[in-house]
file data.pdb (PDB, C-alpha atoms)
ATOM      1  CA  MET B   1     123.967 102.010 133.986
ATOM      2  CA  GLN B   2     121.190 103.876 135.774
ATOM      3  CA  SER B   3     123.800 105.983 137.571
ATOM      4  CA  VAL B   4     125.036 107.466 134.271
ATOM      5  CA  ARG B   5     122.810 110.064 132.671
ATOM      6  CA  GLU B   6     125.150 112.655 131.156
ATOM      7  CA  PHE B   7     127.931 112.913 128.642
ATOM      8  CA  ASP B   8     131.162 114.222 130.173
ATOM      9  CA  HIS B   9     133.851 114.786 127.576
ATOM     10  CA  ALA B  10     135.485 113.681 124.344
ATOM     11  CA  LEU B  11     139.174 112.952 123.809
ATOM     12  CA  ILE B  12     141.184 114.046 120.776
ATOM     13  CA  LEU B  13     144.451 112.142 120.667
ATOM     14  CA  VAL B  14     147.421 113.997 119.179
ATOM     15  CA  SER B  15     151.031 113.119 118.481
ATOM     16  CA  ASP B  16     152.285 116.604 119.383
ATOM     17  CA  LEU B  17     150.591 118.468 122.226
ATOM     18  CA  ASP B  18     152.077 121.845 121.296
ATOM     19  CA  ASP B  19     150.742 121.516 117.756
ATOM     20  CA  GLY B  20     147.364 120.367 119.092
ATOM     21  CA  ASP B  21     147.086 123.397 121.359
ATOM     22  CA  ALA B  22     148.050 125.716 118.512
ATOM     23  CA  ARG B  23     145.410 124.251 116.220
ATOM     24  CA  MET B  24     142.725 124.597 118.892
ATOM     25  CA  ARG B  25     143.640 128.260 119.409
ATOM     26  CA  LYS B  26     143.421 128.852 115.680
ATOM     27  CA  LEU B  27     139.901 127.418 115.744
ATOM     28  CA  GLY B  28     139.011 130.004 118.374
ATOM     29  CA  PHE B  29     139.299 127.975 121.572
ATOM     30  CA  ARG B  30     141.121 128.788 124.806
ATOM     31  CA  PRO B  31     142.891 125.610 125.912
ATOM     32  CA  THR B  32     143.711 125.469 129.591
ATOM     33  CA  PRO B  33     147.371 125.307 130.598
ATOM     34  CA  ARG B  34     148.903 121.871 130.154
ATOM     35  CA  GLY B  35     148.050 119.305 132.813
ATOM     36  CA  VAL B  36     150.265 116.287 133.480
ATOM     37  CA  HIS B  37     148.484 113.148 134.669
ATOM     38  CA  SER B  38     149.600 110.738 137.359
ATOM     39  CA  ALA B  39     152.776 108.796 136.508
ATOM     40  CA  HIS B  40     150.989 105.508 135.791
ATOM     41  CA  MET B  41     148.894 107.281 133.151
ATOM     42  CA  GLY B  42     151.953 108.635 131.312
ATOM     43  CA  THR B  43     149.902 111.301 129.536
ATOM     44  CA  ALA B  44     149.241 115.030 129.528
ATOM     45  CA  ASN B  45     146.417 117.150 128.208
ATOM     46  CA  SER B  46     144.924 120.545 127.737
ATOM     47  CA  THR B  47     141.172 120.966 128.001
ATOM     48  CA  ILE B  48     138.530 123.049 126.268
ATOM     49  CA  MET B  49     136.074 123.752 129.069
ATOM     50  CA  LEU B  50     132.500 124.634 128.124
ATOM     51  CA  SER B  51     129.790 126.424 130.021
ATOM     52  CA  ASP B  52     127.214 123.601 129.804
ATOM     53  CA  MET B  53     129.531 121.413 131.942
ATOM     54  CA  THR B  54     130.814 119.306 129.055
ATOM     55  CA  TYR B  55     134.263 119.610 127.546
ATOM     56  CA  PHE B  56     136.784 118.024 125.249
ATOM     57  CA  GLU B  57     140.466 117.503 125.662
ATOM     58  CA  VAL B  58     143.575 117.312 123.532
ATOM     59  CA  ILE B  59     145.640 114.480 124.977
ATOM     60  CA  GLY B  60     149.045 113.033 124.181
ATOM     61  CA  VAL B  61     151.521 110.453 125.480
ATOM     62  CA  LEU B  62     154.536 111.663 127.448
ATOM     63  CA  ASN B  63     155.924 108.319 128.602
ATOM     64  CA  PRO B  64     154.940 104.822 127.466
ATOM     65  CA  THR B  65     153.058 102.915 130.187
ATOM     66  CA  PRO B  66     150.639  99.969 130.136
ATOM     67  CA  SER B  67     147.842 102.470 130.721
ATOM     68  CA  ASN B  68     148.440 104.340 127.457
ATOM     69  CA  GLU B  69     149.163 101.364 125.195
ATOM     70  CA  GLY B  70     145.851 101.826 123.379
ATOM     71  CA  MET B  71     146.699 105.450 122.625
ATOM     72  CA  ARG B  72     150.065 104.503 121.192
ATOM     73  CA  ILE B  73     148.451 101.892 118.965
ATOM     74  CA  MET B  74     145.942 104.421 117.658
ATOM     75  CA  LEU B  75     148.646 106.989 116.949
ATOM     76  CA  GLU B  76     150.199 104.514 114.548
ATOM     77  CA  ARG B  77     147.006 104.985 112.510
ATOM     78  CA  GLY B  78     146.863 108.737 113.046
ATOM     79  CA  GLN B  79     145.467 111.492 115.222
ATOM     80  CA  GLY B  80     141.780 111.939 115.918
ATOM     81  CA  LEU B  81     138.904 111.249 118.250
ATOM     82  CA  PHE B  82     140.047 108.529 120.604
ATOM     83  CA  GLY B  83     137.119 108.023 122.941
ATOM     84  CA  TYR B  84     134.636 109.593 125.308
ATOM     85  CA  ALA B  85     133.707 109.675 128.965
ATOM     86  CA  VAL B  86     130.300 109.576 130.587
ATOM     87  CA  LYS B  87     129.583 111.242 133.899
ATOM     88  CA  THR B  88     128.687 109.574 137.189
ATOM     89  CA  GLY B  89     128.061 111.122 140.587
ATOM     90  CA  ASP B  90     128.905 107.891 142.403
ATOM     91  CA  VAL B  91     131.633 105.783 140.861
ATOM     92  CA  HIS B  92     131.073 102.912 143.298
ATOM     93  CA  THR B  93     127.418 102.554 142.314
ATOM     94  CA  THR B  94     128.478 102.608 138.686
ATOM     95  CA  MET B  95     131.109  99.975 139.402
ATOM     96  CA  THR B  96     128.442  97.699 140.863
ATOM     97  CA  GLU B  97     126.287  98.182 137.776
ATOM     98  CA  LEU B  98     129.150  97.500 135.369
ATOM     99  CA  ALA B  99     130.359  94.472 137.301
ATOM    100  CA  ALA B 100     126.861  92.990 137.114
ATOM    101  CA  LEU B 101     127.083  93.341 133.336
ATOM    102  CA  SER B 102     130.678  92.010 133.232
ATOM    103  CA  ALA B 103     131.447  95.260 131.450
ATOM    104  CA  ASN B 104     134.154  96.836 133.586
ATOM    105  CA  ALA B 105     137.810  96.642 132.580
ATOM    106  CA  GLY B 106     139.410  96.484 136.010
ATOM    107  CA  ASP B 107     138.770  98.332 139.247
ATOM    108  CA  VAL B 108     138.147 102.002 139.987
ATOM    109  CA  VAL B 109     141.170 104.102 138.983
ATOM    110  CA  GLU B 110     142.010 107.191 141.008
ATOM    111  CA  PHE B 111     144.172 109.838 139.397
ATOM    112  CA  SER B 112     144.860 113.544 139.422
ATOM    113  CA  ARG B 113     146.604 116.327 137.550
ATOM    114  CA  ALA B 114     147.993 119.602 138.782
ATOM    115  CA  VAL B 115     146.182 122.798 137.761
ATOM    116  CA  ASP B 116     147.690 126.267 138.086
ATOM    117  CA  LEU B 117     144.873 128.539 139.253
ATOM    118  CA  PRO B 118     145.004 132.288 139.871
ATOM    119  CA  GLY B 119     144.938 131.593 143.626
ATOM    120  CA  GLY B 120     147.666 128.974 143.429
ATOM    121  CA  PRO B 121     148.060 125.357 142.241
ATOM    122  CA  ARG B 122     145.490 122.686 143.062
ATOM    123  CA  ASP B 123     144.980 119.090 141.979
ATOM    124  CA  ALA B 124     142.064 118.110 139.799
ATOM    125  CA  ALA B 125     140.997 114.694 141.097
ATOM    126  CA  PHE B 126     138.973 112.001 139.324
ATOM    127  CA  SER B 127     137.732 108.461 139.793
ATOM    128  CA  ILE B 128     137.218 106.514 136.590
ATOM    129  CA  ILE B 129     136.169 103.049 135.501
ATOM    130  CA  ASN B 130     137.305 101.871 132.101
ATOM    131  CA  ILE B 131     134.590 100.010 130.247
ATOM    132  CA  ASP B 132     135.576  96.719 128.663
ATOM    133  CA  PRO B 133     136.352  97.518 124.994
ATOM    134  CA  ALA B 134     134.496  94.359 124.003
ATOM    135  CA  ARG B 135     131.344  96.019 125.399
ATOM    136  CA  ALA B 136     132.185  99.447 123.950
ATOM    137  CA  LEU B 137     132.669  98.561 120.274
ATOM    138  CA  GLY B 138     136.411  98.398 120.812
ATOM    139  CA  LEU B 139     136.549 102.081 121.707
ATOM    140  CA  LYS B 140     137.953 103.931 124.681
ATOM    141  CA  MET B 141     134.940 104.573 126.897
ATOM    142  CA  PHE B 142     134.975 105.236 130.616
ATOM    143  CA  THR B 143     132.854 106.615 133.409
ATOM    144  CA  CYS B 144     134.189 109.585 135.312
ATOM    145  CA  GLN B 145     133.399 111.069 138.704
ATOM    146  CA  HIS B 146     134.738 114.582 139.232
ATOM    147  CA  HIS B 147     135.822 115.260 142.810
ATOM    148  CA  THR B 148     136.955 118.823 142.035
ATOM    149  CA  PRO B 149     134.618 120.194 139.352
ATOM    150  CA  ASP B 150     135.466 123.783 140.346
ATOM    151  CA  VAL B 151     139.087 123.090 139.418
ATOM    152  CA  VAL B 152     138.225 121.455 136.092
ATOM    153  CA  TRP B 153     135.501 123.876 134.950
ATOM    154  CA  ARG B 154     137.570 126.892 135.916
ATOM    155  CA  GLU B 155     135.632 130.104 135.398
ATOM    156  CA  ASP B 156     138.506 131.944 133.730
ATOM    157  CA  TYR B 157     138.471 129.451 130.817
ATOM    158  CA  LEU B 158     134.760 128.822 130.246
ATOM    159  CA  GLU B 159     134.199 131.681 127.795
ATOM    160  CA  GLN B 160     135.395 130.525 124.372
ATOM    161  CA  PRO B 161     136.353 133.246 121.852
ATOM    162  CA  ASN B 162     134.490 131.396 119.087
ATOM    163  CA  GLY B 163     131.246 131.252 121.089
ATOM    164  CA  VAL B 164     131.182 127.491 121.713
ATOM    165  CA  THR B 165     129.185 126.481 124.799
ATOM    166  CA  GLY B 166     128.930 122.697 124.724
ATOM    167  CA  VAL B 167     129.328 119.313 123.073
ATOM    168  CA  ALA B 168     126.205 118.559 121.039
ATOM    169  CA  ALA B 169     127.232 115.168 119.683
ATOM    170  CA  VAL B 170     129.979 112.737 118.859
ATOM    171  CA  VAL B 171     129.534 110.778 115.632
ATOM    172  CA  GLY B 172     131.283 107.561 114.657
ATOM    173  CA  ALA B 173     130.901 104.622 112.312
ATOM    174  CA  ALA B 174     130.461 100.876 112.758
ATOM    175  CA  ARG B 175     130.145  98.283 110.012
ATOM    176  CA  ASP B 176     127.552  96.219 111.866
ATOM    177  CA  LEU B 177     124.952  98.484 113.432
ATOM    178  CA  ASN B 178     123.085  95.511 114.879
ATOM    179  CA  VAL B 179     126.144  94.606 116.935
ATOM    180  CA  ALA B 180     126.558  98.266 117.885
ATOM    181  CA  GLU B 181     122.970  98.468 119.073
ATOM    182  CA  ALA B 182     123.220  95.301 121.148
ATOM    183  CA  SER B 183     126.487  96.342 122.813
ATOM    184  CA  LEU B 184     125.346  99.852 123.628
ATOM    185  CA  ARG B 185     121.895  98.774 124.787
ATOM    186  CA  LEU B 186     123.532  96.452 127.311
ATOM    187  CA  LEU B 187     125.232  99.504 128.838
ATOM    188  CA  PHE B 188     122.628 102.223 128.374
ATOM    189  CA  GLY B 189     119.287 100.431 128.038
ATOM    190  CA  ASP B 190     116.441 102.443 126.589
ATOM    191  CA  ARG B 191     118.683 105.457 126.108
ATOM    192  CA  VAL B 192     119.758 103.727 122.889
ATOM    193  CA  ALA B 193     117.552 104.446 119.877
ATOM    194  CA  VAL B 194     117.700 103.131 116.315
ATOM    195  CA  GLN B 195     116.296 105.311 113.585
ATOM    196  CA  GLY B 196     117.088 106.042 109.960
ATOM    197  CA  GLY B 197     120.183 103.873 109.785
ATOM    198  CA  GLU B 198     121.823 105.208 112.922
ATOM    199  CA  VAL B 199     122.283 104.023 116.486
ATOM    200  CA  THR B 200     122.226 106.814 119.061
ATOM    201  CA  ILE B 201     122.831 107.007 122.808
ATOM    202  CA  GLY B 202     120.676 109.840 124.098
ATOM    203  CA  PHE B 203     122.235 111.416 127.166
ATOM    204  CA  ASP B 204     120.516 114.239 129.030
ATOM    205  CA  ASN B 205     122.980 116.776 127.618
ATOM    206  CA  SER B 206     124.396 115.286 124.395
ATOM    207  CA  THR B 207     124.353 112.284 122.061
ATOM    208  CA  VAL B 208     126.746 109.686 120.689
ATOM    209  CA  THR B 209     125.744 108.319 117.285
ATOM    210  CA  PHE B 210     127.074 105.520 115.091
ATOM    211  CA  LEU B 211     126.436 105.371 111.343
ATOM    212  CA  SER B 212     127.269 102.810 108.707
ATOM    213  CA  PRO B 213     130.471 103.545 106.739
ATOM    214  CA  ASP B 214     128.388 104.373 103.658
ATOM    215  CA  GLU B 215     126.264 106.819 105.644
ATOM    216  CA  LEU B 216     129.358 108.439 107.154
ATOM    217  CA  LEU B 217     130.740 108.947 103.645
ATOM    218  CA  SER B 218     127.419 110.306 102.389
ATOM    219  CA  ARG B 219     126.848 112.769 105.237
ATOM    220  CA  PHE B 220     130.376 113.874 106.017
ATOM    221  CA  GLY B 221     132.556 112.845 103.088
ATOM    222  CA  LEU B 222     134.686 110.760 105.463
ATOM    223  CA  LYS B 223     135.976 107.272 104.872
ATOM    224  CA  ALA B 224     135.451 105.060 107.911
ATOM    225  CA  PHE B 225     138.231 103.024 109.453
ATOM    226  CA  ASP B 226     137.857  99.241 109.262
ATOM    227  CA  GLU B 227     136.961  98.985 112.951
ATOM    228  CA  PRO B 228     134.358 101.070 114.820
ATOM    229  CA  ALA B 229     135.782 104.541 115.335
ATOM    230  CA  LEU B 230     134.774 108.098 116.179
ATOM    231  CA  HIS B 231     135.065 110.756 113.492
ATOM    232  CA  VAL B 232     133.032 113.909 114.163
ATOM    233  CA  LEU B 233     132.745 116.282 117.112
ATOM    234  CA  ARG B 234     129.673 118.531 116.895
ATOM    235  CA  LEU B 235     129.759 121.624 119.098
ATOM    236  CA  ARG B 236     127.085 124.128 120.121
ATOM    237  CA  THR B 237     127.798 127.812 119.711
ATOM    238  CA  ARG B 238     125.820 130.695 121.175
ATOM    239  CA  ASP B 239     126.557 132.813 118.071
ATOM    240  CA  LEU B 240     127.219 131.112 114.746
ATOM    241  CA  ASP B 241     128.177 134.437 113.155
ATOM    242  CA  LEU B 242     130.836 134.915 115.835
ATOM    243  CA  THR B 243     132.169 131.435 115.102
ATOM    244  CA  ARG B 244     132.203 132.198 111.378
ATOM    245  CA  ARG B 245     134.058 135.481 111.923
ATOM    246  CA  THR B 246     136.572 133.816 114.222
ATOM    247  CA  LEU B 247     137.400 131.084 111.717
ATOM    248  CA  THR B 248     137.635 133.593 108.892
ATOM    249  CA  GLY B 249     139.817 135.957 110.916
ATOM    250  CA  ASN B 250     142.179 133.129 111.827
ATOM    251  CA  HIS B 251     142.394 131.966 108.195
ATOM    252  CA  VAL B 252     140.824 128.579 108.892
ATOM    253  CA  GLU B 253     139.192 126.948 105.902
ATOM    254  CA  PHE B 254     135.659 125.786 106.632
ATOM    255  CA  GLU B 255     132.549 124.676 104.815
ATOM    256  CA  ASP B 256     129.410 126.706 105.389
ATOM    257  CA  ARG B 257     126.706 124.107 104.953
ATOM    258  CA  GLY B 258     123.923 126.664 104.620
ATOM    259  CA  ASN B 259     121.834 124.790 107.203
ATOM    260  CA  ASP B 260     123.198 126.491 110.308
ATOM    261  CA  THR B 261     126.276 124.263 110.264
ATOM    262  CA  LEU B 262     129.939 125.169 109.836
ATOM    263  CA  ARG B 263     132.332 122.306 109.207
ATOM    264  CA  VAL B 264     136.118 122.166 109.685
ATOM    265  CA  SER B 265     138.034 119.285 108.120
ATOM    266  CA  PRO B 266     140.067 116.753 110.107
ATOM    267  CA  GLN B 267     143.244 118.148 108.543
ATOM    268  CA  ASP B 268     142.684 121.407 110.417
ATOM    269  CA  ALA B 269     141.356 119.917 113.659
ATOM    270  CA  CYS B 270     143.863 117.292 114.799
ATOM    271  CA  GLY B 271     142.268 114.468 112.837
ATOM    272  CA  ALA B 272     138.689 115.077 114.021
ATOM    273  CA  MET B 273     136.052 116.738 111.859
ATOM    274  CA  ILE B 274     134.501 119.547 113.902
ATOM    275  CA  GLU B 275     131.035 120.929 113.240
ATOM    276  CA  PHE B 276     129.610 124.075 114.797
ATOM    277  CA  VAL B 277     125.823 124.321 115.222
ATOM    278  CA  PRO B 278     123.578 126.817 117.058
ATOM    279  CA  ALA B 279     123.068 126.206 120.769
TER     280      ALA B 279
END

call {"tool": "encode", "arguments": {"input": "data.pdb", "output": "structure tokens"}}
result
Amino acid sequence: MQSVREFDHALILVSDLDDGDARMRKLGFRPTPRGVHSAHMGTANSTIMLSDMTYFEVIGVLNPTPSNEGMRIMLERGQGLFGYAVKTGDVHTTMTELAALSANAGDVVEFSRAVDLPGGPRDAAFSIINIDPARALGLKMFTCQHHTPDVVWREDYLEQPNGVTGVAAVVGAARDLNVAEASLRLLFGDRVAVQGGEVTIGFDNSTVTFLSPDELLSRFGLKAFDEPALHVLRLRTRDLDLTRRTLTGNHVEFEDRGNDTLRVSPQDACGAMIEFVPA
């Protein structure tokens, strides 16, 4: 996909949106007001918007629909990182590229969600293409074109109290890294690198990395699921001391790794391990 060069956002799937929002606030984030997606999506979310034009969202199911079946299946296993989106400036060019690879899961999907802004409500509008899970290691991966970036990256929610400015990386695990490399290289070409027992997609603004289950356990103390899955969200902060003070002040347990990394366990972050590193 030559039309895709940047990471867009990560999705944390939760069973209770109110609880998810509360946990994000305790970690020092400012979630946007709840947004309800188009009826066929059957979902709602709140977003953590970041100044480097990445973000992550806390998303949950409101009403069962065919579109959110995968989310409901994952929730039977538990909360956590559900997938990620990559950014395109021209969804139709991307569609042509994916179709040539037989990697798209259906046509372009148009959807929107209402956003209450200080000047009045507006719709945030998106065009997405879901990538065939068989080409995406079985994960939720999609390309996203933002038609209203000023509504999504709203200025009154970009400054995070804990100092976070962007998504540095998403880390997952796959039992067969050779299969992971082949699948991801089909989509992202020479942006995929293999080094030191990890397979990494190098976007212009972030990375997505897959480790072996043993390596995930060694580095993060996490046990991998049987299938490929995402486990860790690494975030950049402009001031690690501010992040440390915020977590301490909010009585959040964290591990200070002593190598410019703070780590919050999945139990305190909606099923996703969150790491904070310097910007």

call {"tool": "residues_around", "arguments": {"input": "data.pdb", "residues": "Arg23 in chain B", "least_positions_apart": "2", "cutoff": "12 Å", "atoms": "all atoms listed in the file", "output": "PyMOL selection string"}}
result
chain B and resi 12+14+16-21+25-31+58+247+250-252+264+266-272

call {"tool": "residues_around", "arguments": {"input": "data.pdb", "residues": "Ala100 in chain B", "least_positions_apart": "5", "cutoff": "12 Å", "atoms": "all atoms listed in the file", "output": "list in words"}}
result
Met1, Thr93, Thr94, Met95, Leu186 and Leu187 of chain B

call {"tool": "resolve_selection", "arguments": {"input": "data.pdb", "expression": "the PyMOL selection byres ((chain B and resi 73-75) around 12)", "output": "number ranges by chain"}}
result
B: 12-16, 59-61, 64, 66-72, 76-83, 138-140, 225, 227, 229-230, 270-271

call {"tool": "write_last_selection", "arguments": {"input": "data.pdb", "atoms": "C-alpha atoms", "output": "mmCIF file, in the coordinates of the input"}}
result
data_model
loop_
_atom_site.group_PDB
_atom_site.id
_atom_site.type_symbol
_atom_site.label_atom_id
_atom_site.label_comp_id
_atom_site.auth_asym_id
_atom_site.auth_seq_id
_atom_site.Cartn_x
_atom_site.Cartn_y
_atom_site.Cartn_z
ATOM 1 C CA ILE B 12 141.184 114.046 120.776
ATOM 2 C CA LEU B 13 144.451 112.142 120.667
ATOM 3 C CA VAL B 14 147.421 113.997 119.179
ATOM 4 C CA SER B 15 151.031 113.119 118.481
ATOM 5 C CA ASP B 16 152.285 116.604 119.383
ATOM 6 C CA ILE B 59 145.640 114.480 124.977
ATOM 7 C CA GLY B 60 149.045 113.033 124.181
ATOM 8 C CA VAL B 61 151.521 110.453 125.480
ATOM 9 C CA PRO B 64 154.940 104.822 127.466
ATOM 10 C CA PRO B 66 150.639 99.969 130.136
ATOM 11 C CA SER B 67 147.842 102.470 130.721
ATOM 12 C CA ASN B 68 148.440 104.340 127.457
ATOM 13 C CA GLU B 69 149.163 101.364 125.195
ATOM 14 C CA GLY B 70 145.851 101.826 123.379
ATOM 15 C CA MET B 71 146.699 105.450 122.625
ATOM 16 C CA ARG B 72 150.065 104.503 121.192
ATOM 17 C CA GLU B 76 150.199 104.514 114.548
ATOM 18 C CA ARG B 77 147.006 104.985 112.510
ATOM 19 C CA GLY B 78 146.863 108.737 113.046
ATOM 20 C CA GLN B 79 145.467 111.492 115.222
ATOM 21 C CA GLY B 80 141.780 111.939 115.918
ATOM 22 C CA LEU B 81 138.904 111.249 118.250
ATOM 23 C CA PHE B 82 140.047 108.529 120.604
ATOM 24 C CA GLY B 83 137.119 108.023 122.941
ATOM 25 C CA GLY B 138 136.411 98.398 120.812
ATOM 26 C CA LEU B 139 136.549 102.081 121.707
ATOM 27 C CA LYS B 140 137.953 103.931 124.681
ATOM 28 C CA PHE B 225 138.231 103.024 109.453
ATOM 29 C CA GLU B 227 136.961 98.985 112.951
ATOM 30 C CA ALA B 229 135.782 104.541 115.335
ATOM 31 C CA LEU B 230 134.774 108.098 116.179
ATOM 32 C CA CYS B 270 143.863 117.292 114.799
ATOM 33 C CA GLY B 271 142.268 114.468 112.837
#

call {"tool": "resolve_selection", "arguments": {"input": "data.pdb", "expression": "the PyMOL selection byres ((chain B and resi 143) around 9)", "output": "PyMOL selection string"}}
result
chain B and resi 4+8+84-88+91+94+127-131+141-142+144-145

call {"tool": "axis_aligned_box", "arguments": {"input": "data.pdb", "around": "range 137-154 of chain B", "padding_each_side": "6 Å", "output": "lines of an AutoDock Vina configuration file"}}
result
center_x = 135.9
center_y = 112.6
center_z = 131.5
size_x = 18.4
size_y = 40.5
size_z = 34.5

call {"tool": "atom_distance", "arguments": {"input": "data.pdb", "atom1": "CA of His231 in chain B", "atom2": "CA of Gly197 in chain B"}}
result
16.8 Å

call {"tool": "resolve_selection", "arguments": {"input": "data.pdb", "expression": "the PyMOL selection byres ((chain B and resi 135) around 10)", "output": "count of residues only"}}
result
21

call {"tool": "residues_around", "arguments": {"input": "data.pdb", "residues": "Tyr157 in chain B", "least_positions_apart": "5", "cutoff": "12 Å", "atoms": "all atoms listed in the file", "output": "PyMOL selection string"}}
result
chain B and resi 29-33+46-51+55+117-118+150-152+164-165

call {"tool": "residues_around", "arguments": {"input": "data.pdb", "residues": "Thr243 in chain B", "least_positions_apart": "6", "cutoff": "10 Å", "atoms": "all atoms listed in the file", "output": "ChimeraX atom specification"}}
result
/B:27-28,160-164,237,249,262,276-278

call {"tool": "atom_distance", "arguments": {"input": "data.pdb", "atom1": "CA of Asp204 in chain B", "atom2": "CA of Arg234 in chain B"}}
result
15.8 Å

call {"tool": "atom_distance", "arguments": {"input": "data.pdb", "atom1": "CA of Val232 in chain B", "atom2": "CA of Ser265 in chain B"}}
result
9.5 Å

call {"tool": "closest_residue", "arguments": {"input": "data.pdb", "among": "B:Thr200, B:Thr65, B:Gln195, B:Thr54", "to": "Arg236 in chain B", "atoms": "only C-alpha atoms"}}
result
B:Thr54

call {"tool": "closest_residue", "arguments": {"input": "data.pdb", "among": "B:Gly196, B:Glu155, B:Phe56, B:Gln2", "to": "Thr96 in chain B", "atoms": "all atoms listed in the file"}}
result
B:Gln2

call {"tool": "residues_near_point", "arguments": {"input": "data.pdb", "point": "(122.8, 108.7, 122.6)", "cutoff": "12 Å", "atoms": "all atoms listed in the file", "output": "NGL selection string"}}
result
:B and (4-7 or 86 or 168-172 or 181 or 184-185 or 187-195 or 198-210)

call {"tool": "write_last_selection", "arguments": {"input": "data.pdb", "atoms": "C-alpha atoms", "output": "mmCIF file, keeping the file's coordinate frame"}}
result
data_model
loop_
_atom_site.group_PDB
_atom_site.id
_atom_site.type_symbol
_atom_site.label_atom_id
_atom_site.label_comp_id
_atom_site.auth_asym_id
_atom_site.auth_seq_id
_atom_site.Cartn_x
_atom_site.Cartn_y
_atom_site.Cartn_z
ATOM 1 C CA VAL B 4 125.036 107.466 134.271
ATOM 2 C CA ARG B 5 122.810 110.064 132.671
ATOM 3 C CA GLU B 6 125.150 112.655 131.156
ATOM 4 C CA PHE B 7 127.931 112.913 128.642
ATOM 5 C CA VAL B 86 130.300 109.576 130.587
ATOM 6 C CA ALA B 168 126.205 118.559 121.039
ATOM 7 C CA ALA B 169 127.232 115.168 119.683
ATOM 8 C CA VAL B 170 129.979 112.737 118.859
ATOM 9 C CA VAL B 171 129.534 110.778 115.632
ATOM 10 C CA GLY B 172 131.283 107.561 114.657
ATOM 11 C CA GLU B 181 122.970 98.468 119.073
ATOM 12 C CA LEU B 184 125.346 99.852 123.628
ATOM 13 C CA ARG B 185 121.895 98.774 124.787
ATOM 14 C CA LEU B 187 125.232 99.504 128.838
ATOM 15 C CA PHE B 188 122.628 102.223 128.374
ATOM 16 C CA GLY B 189 119.287 100.431 128.038
ATOM 17 C CA ASP B 190 116.441 102.443 126.589
ATOM 18 C CA ARG B 191 118.683 105.457 126.108
ATOM 19 C CA VAL B 192 119.758 103.727 122.889
ATOM 20 C CA ALA B 193 117.552 104.446 119.877
ATOM 21 C CA VAL B 194 117.700 103.131 116.315
ATOM 22 C CA GLN B 195 116.296 105.311 113.585
ATOM 23 C CA GLU B 198 121.823 105.208 112.922
ATOM 24 C CA VAL B 199 122.283 104.023 116.486
ATOM 25 C CA THR B 200 122.226 106.814 119.061
ATOM 26 C CA ILE B 201 122.831 107.007 122.808
ATOM 27 C CA GLY B 202 120.676 109.840 124.098
ATOM 28 C CA PHE B 203 122.235 111.416 127.166
ATOM 29 C CA ASP B 204 120.516 114.239 129.030
ATOM 30 C CA ASN B 205 122.980 116.776 127.618
ATOM 31 C CA SER B 206 124.396 115.286 124.395
ATOM 32 C CA THR B 207 124.353 112.284 122.061
ATOM 33 C CA VAL B 208 126.746 109.686 120.689
ATOM 34 C CA THR B 209 125.744 108.319 117.285
ATOM 35 C CA PHE B 210 127.074 105.520 115.091
#

call {"tool": "decode", "arguments": {"input": "data.pdb", "residues": "range 188-211 of chain B", "atoms": "C-alpha atoms", "output": "PDB file, in the first residue's frame"}}
result
ATOM      1  CA  PHE B 188       3.496  -2.866   3.590  1.00  0.00           C
ATOM      2  CA  GLY B 189       6.457  -3.987   1.478  1.00  0.00           C
ATOM      3  CA  ASP B 190       9.859  -2.777   2.576  1.00  0.00           C
ATOM      4  CA  ARG B 191       8.368  -0.979   5.558  1.00  0.00           C
ATOM      5  CA  VAL B 192       8.483  -4.390   7.251  1.00  0.00           C
ATOM      6  CA  ALA B 193      11.780  -5.217   8.952  1.00  0.00           C
ATOM      7  CA  VAL B 194      12.924  -8.352  10.770  1.00  0.00           C
ATOM      8  CA  GLN B 195      15.551  -7.966  13.440  1.00  0.00           C
ATOM      9  CA  GLY B 196      16.374  -9.594  16.753  1.00  0.00           C
ATOM     10  CA  GLY B 197      13.380 -11.908  16.812  1.00  0.00           C
ATOM     11  CA  GLU B 198      10.786  -9.275  16.004  1.00  0.00           C
ATOM     12  CA  VAL B 199       8.798  -8.237  12.958  1.00  0.00           C
ATOM     13  CA  THR B 200       8.140  -4.503  12.741  1.00  0.00           C
ATOM     14  CA  ILE B 201       6.107  -2.276  10.427  1.00  0.00           C
ATOM     15  CA  GLY B 202       7.876   1.070  10.331  1.00  0.00           C
ATOM     16  CA  PHE B 203       5.411   3.868   9.682  1.00  0.00           C
ATOM     17  CA  ASP B 204       6.552   7.471   9.342  1.00  0.00           C
ATOM     18  CA  ASN B 205       5.178   8.313  12.792  1.00  0.00           C
ATOM     19  CA  SER B 206       5.013   5.041  14.761  1.00  0.00           C
ATOM     20  CA  THR B 207       5.640   1.291  14.643  1.00  0.00           C
ATOM     21  CA  VAL B 208       3.716  -1.950  15.028  1.00  0.00           C
ATOM     22  CA  THR B 209       5.834  -4.858  16.256  1.00  0.00           C
ATOM     23  CA  PHE B 210       5.181  -8.574  16.693  1.00  0.00           C
ATOM     24  CA  LEU B 211       7.249 -10.761  19.019  1.00  0.00           C
TER      25      LEU B 211
END
